[in-house]
Amino acid sequence: MKKYYLSFAAVLLGAVHVSGAGISHVHLTTPSMSIVFARDAEGTWLMPYYGARVKNAEDVLSLRFNPKRADGRIGVVAGQVKPASYSVYGSREIGIDVNKYGGLCVKHADGVMSSEMIGLQPEWVEDKQAQSHLVLPMKDEVYPFVVRQHVRTFADTDAIETWVEISNYERGAVELYRMDSAAIVFPLLGTDFRFLSLTGQWGCESQVSETSLERGQTVAISSRNGIRNAWFANPAFMLSVGGEATERTGRVLGGVLCWSGAWGISAQRDYADLLELRMGADNSNGAYKLAPGKTLVTPKAVLVWSESGKGKVSRELHRWARNHRMPHGRELRDIVLNSWEGAYFDFDEARLEGMMDGLKEMGGEMFVVDDGWFGNGRYARDNDRNGLGDWTVNTNKLPRGIRHLTDEAKKRSLKFGLWVEPEMINVTSELYERHPEWAMKGRTRSLGTGRGGTQCVLDLTNPAVVDDVSAQLSKILKDAPDIVYFKWDANANFFNVGSQTSKCDSNIYFDYTLGLYEILSRLRKERPDLVIQGCSSGGGRIEYGFLGYADEFWPSDDSDARERVFIQWGSNFFYPASAAAGHVTVVPNHQTKRVTPLKYRFDVAMSVRLGLELDPKKMSPEDLAFAKECIGAYKRIRPTVQQGELYRLVSPYGNTYASLMYVAADGSEAVVFLWGLNRGPKKDFVPPLRLDGLEGDAKYSIGEINLAKGSKTHSDAVGAVVRGDALMNGGLPVYLDAGDYDSAVFVLRKIK
Ligand code: DGJ
């Protein structure tokens with residue numbers, strides 16, 4: 001049953017003046033929030049209420065709208081004027097700067113720069129995946145120019161999706177200077193704002209930063225890098241409203257943008273505490289030309305509202321992602337051995353088969369051959385200078401082809417995955433010899449190159465390139481149908497911006513991503529079962545645009561366990577553990593030279609999707625045996641880690657240790673991770689961990705896994721049976737050894 005109310009202005013809403021007859025407001029609900037849309041006197045669609053769930057929309061509307069004003073203009077409080085559901089440049093409303101700015105800015109075909117959008121009757125889309133799918137249509141009062149704002153809600157999460165379709169029915173092309181997915185002027189939410197987002201670069205992705213947003217200020221995050229678009233900033237944020245939010249307390253607005261190209265998100269707070277939020281594809285390097293008769297569909301923006309802290313925002317987003325965004329979000333991910341750090345480019349059949357043997361012995365489930373398997377002759381991919389674009393097996397290294405490897409994997413009951421980098425081309429490749437015009441480049445410009453001094457980006461705005469890349473990927477899968485996993489890498493910035501075959505370079509920022517999605521859609525259609533990992537020089541592409549086609553991401557090329565505590569901590573603010581690949585690698589770590597115990601490396605990797613990235617042949621028998629034990633334990637806790645609800649307990653920022661836990665969806669189990677960081681004096685002292693998400697009355701048995709042979713447990717409570725309320729209020733007593741990198745994993749099972 002759809003949970004919304006439609007009412008007719010004249011009948012039910014004395015307070016809201018509506019031009020013309022028809023539906024005046026719409027009330028959308030999610031499990032714990034309400035959103036109310038209403039049309040004002042000018043016919044503009046507004047969003048007068050966004051927040052905790054209310055029973056009755058008329059009640060909130062009667063508070064928001066000034067019933068005494070005969071002209072029907074809403075709001076006596078300045079900040080409540082025009083809470084636009086989609087703010088547009090050119091709105092006649094005076095005095096409210098945010099409305100003048102707008103998330104949509106159009107130069108109409110005749111050169112006029114303003115738009116005046118009149119709201120039309122709401123529509124409902126038949127949408128089996130959603131609880132409700134509302135469309136608020138708007139038409140310019142002068143031009144045949146239409147915007148349709150979509151809002152989609154779900155029965156199982158407080159996350160809502162919103163985006164717009166922009167249609168040009170004018171005589172000529174219009175130019176879109178801004179074309180945001182969400183451009184919302186919120187009704188007054190509070191008076192104290194803090195903006196949290198992720199930042200980083202190669203090897204240190206997803207670091208958390210938070211800043212206050214003062215009156216008169218705008219906080220903006222963006223990426224103009226149309227490929228590694230989540231490195232320096234991630235298209236995701238949390239905005240605490242009305243004071244500092246904690247993990248468990250405070251009001252928080254969270255959001256993510258589902259887009260793999262250039263993007264921008266900004267929150268502007270005006271003098272009266274009115275907040276305008278804009279989220280969308282960034283086209284500030286060139287207005288988008290929308291031809292007559294064409295419609296542009298913006299990426300989806302996703303918003304979550306929480307009345308109980310940041311933790312809830314994460315959990316709602318994770319649930320939305322698993323249930324409504326990622327292709328196989330409800331499935332458990334396999335335990336992978338990836339060849340990269342174990343072999344780099346230096347392998348042959350025997351070496352890879354040896355790695356498979358080791359993986360099998362440890363109990364792993366999928367073998368993935370990383371970079372280096374393709375290109376032939378002088379273009380053999382024996383280093384990072386050659387071969388991108390030539391997706392045929394290197395017969396020197398792998399004479400019997402990929403199919404032989406998939407057969408070998410099968411013999412060992414292992415699944416098989418392969419690395420590809422379909423968006424790039426080396427000038428040292430057969431493909432470039434045939435099609436130099438397929439490399440991205442302004443027509444009159446010389447060619448700049450990236451990685452290896454020979455790499456360029458393929459022009460995915462050219463349909464011939466899209467067809468060729470799709471055909472090559474399809475052939476790889478047809479030649480070796482037992483491939484069940486692609487690691488999709490993309491090791492370049494969006495450089496040499498320009499197309500050699502198109503005359504409209506200003507559309508390239510947006511259209512490149514459409515080309516990418518076209519290839520991914522065809523791939524998914526051909527092989528719906530395929531699991532895809534999104535990688536972009538590590539975590540350059542951790543975002544929900546790509547995760548609409550992929551099931552996981554590579555969080556960072558920094559595989560050092562201590563660094564991964566921070567990196568995974570950050571990514572899990574917005575992205576679920578099932579999607580984050582954590583690989584155990586050798587020490588000294590290849591990126592940081594740090595030495596950490598094998599147990600620590602497993603304890604960190606097991607808090608996300610566990611994998612390994614080493615040559616098992618080089619492991620000692622003791623390490624192999626320990627790894628086998630950890631892998632066995634992971635298989636038991638995997639459903640809780642990958643599909644459970646996340647609770648962050650102690651942040652690694654400003655502490656000498658960090659802790660988080662997952663609670664199984666059915667509440668039957670909880671897994672608690674504790675990791676020491678670089679610890680100071682009083683090294684062994686860690687206050688009891690106040691657990692979260694348990695049932696107060698239920699009893700839990702407390703166990704510990706991954707204990708190195710002969711070592712003592714990290715809690716005196718191990719073996720005890722304790723009620724949830726004691727664990728959540730008194731806390732679980734824990735110890736960490738004096739060394740920097742001690743760690744523990746506790747498993748709590750609910751007694752039936
Ligand atoms: C960058 C990735 O992040 C690595 O994991 C690896 O796949 C290399 N590319 C291979 O070139």
# chains A, B, ... in the order shown; residues from 1 in each chain; ligands from 1
>>> select_by_dssp(residues="segment 87-187 of chain A", states="strand (DSSP E)", output="PyMOL selection string")
chain A and resi 104-107+117-119+123-124+132-140+145-153+160-168+174-179+182-186
>>> residues_near_ligand(ligand="ligand 1", cutoff="6 Å", atoms="only C-alpha atoms and all ligand atoms", output="mmCIF file with N, CA, C and O atoms, in the first residue's frame")
data_model
loop_
_atom_site.group_PDB
_atom_site.id
_atom_site.type_symbol
_atom_site.label_atom_id
_atom_site.label_comp_id
_atom_site.auth_asym_id
_atom_site.auth_seq_id
_atom_site.Cartn_x
_atom_site.Cartn_y
_atom_site.Cartn_z
ATOM 1 N N ASP A 370 45.157 -10.302 -11.699
ATOM 2 C CA ASP A 370 45.171 -8.838 -11.850
ATOM 3 C C ASP A 370 45.877 -8.466 -13.147
ATOM 4 O O ASP A 370 46.015 -9.282 -14.077
ATOM 5 N N ASP A 371 46.361 -7.264 -13.217
ATOM 6 C CA ASP A 371 47.004 -6.691 -14.396
ATOM 7 C C ASP A 371 48.133 -7.594 -14.920
ATOM 8 O O ASP A 371 48.804 -8.266 -14.140
ATOM 9 N N CYS A 535 37.505 -0.236 -9.226
ATOM 10 C CA CYS A 535 38.800 0.175 -8.693
ATOM 11 C C CYS A 535 39.260 1.337 -9.554
ATOM 12 O O CYS A 535 38.977 1.374 -10.752
ATOM 13 N N SER A 536 39.929 2.291 -8.954
ATOM 14 C CA SER A 536 40.456 3.375 -9.767
ATOM 15 C C SER A 536 41.713 3.859 -9.060
ATOM 16 O O SER A 536 41.651 4.720 -8.192
ATOM 17 N N SER A 537 42.823 3.193 -9.376
ATOM 18 C CA SER A 537 44.087 3.437 -8.670
ATOM 19 C C SER A 537 43.839 3.351 -7.166
ATOM 20 O O SER A 537 44.245 4.213 -6.396
ATOM 21 N N GLY A 538 43.144 2.332 -6.747
ATOM 22 C CA GLY A 538 42.687 2.229 -5.358
ATOM 23 C C GLY A 538 41.276 2.768 -5.288
ATOM 24 O O GLY A 538 40.407 2.417 -6.082
ATOM 25 N N ASP A 557 44.986 1.430 -2.626
ATOM 26 C CA ASP A 557 46.176 0.617 -2.893
ATOM 27 C C ASP A 557 47.030 0.493 -1.638
ATOM 28 O O ASP A 557 47.987 -0.272 -1.621
#
>>> closest_residue(among="A:Lys617, A:Arg152, A:Arg325, A:Arg194", to="Tyr549 of chain A", atoms="only C-alpha atoms")
A:Arg325
>>> closest_residue(among="A:Arg594, A:Lys128, A:His404, A:Lys312", to="Ser32 of chain A", atoms="only C-alpha atoms")
A:Lys312
>>> residues_around(residues="Ser474 of chain A", least_positions_apart="4", cutoff="8 Å", atoms="only C-alpha atoms", output="NGL selection string")
:A and (470 or 478 or 523 or 526)
>>> atom_distance(atom1="atom CA of Leu431 of chain A", atom2="atom CA of Val497 of chain A")
19.8 Å
>>> select_by_dssp(residues="segment 356-552 of chain A", states="alpha helix (DSSP H)", output="PyMOL selection string")
chain A and resi 356-362+401-411+430-434+463-479+508-526
>>> closest_residue(among="A:Trp340, A:Trp438, A:Trp488, A:Trp202", to="Asp467 of chain A", atoms="only C-alpha atoms")
A:Trp438
>>> residues_around(residues="Ala744 of chain A", least_positions_apart="5", cutoff="7 Å", atoms="only C-alpha atoms", output="ChimeraX atom specification")
/A:603,673-675,714
>>> closest_residue(among="A:Ala471, A:Leu198, A:Ala480, A:Ala490", to="Arg522 of chain A", atoms="only C-alpha atoms")
A:Ala471
>>> closest_residue(among="A:Leu188, A:Leu447, A:Ile335, A:Ala380", to="Leu359 of chain A", atoms="only C-alpha atoms")
A:Ile335
>>> residues_around(residues="Glu205 of chain A", least_positions_apart="4", cutoff="9 Å", atoms="only C-alpha atoms", output="ChimeraX atom specification")
/A:198-201,230-233,538-540,555-556,558,566-568,570-571
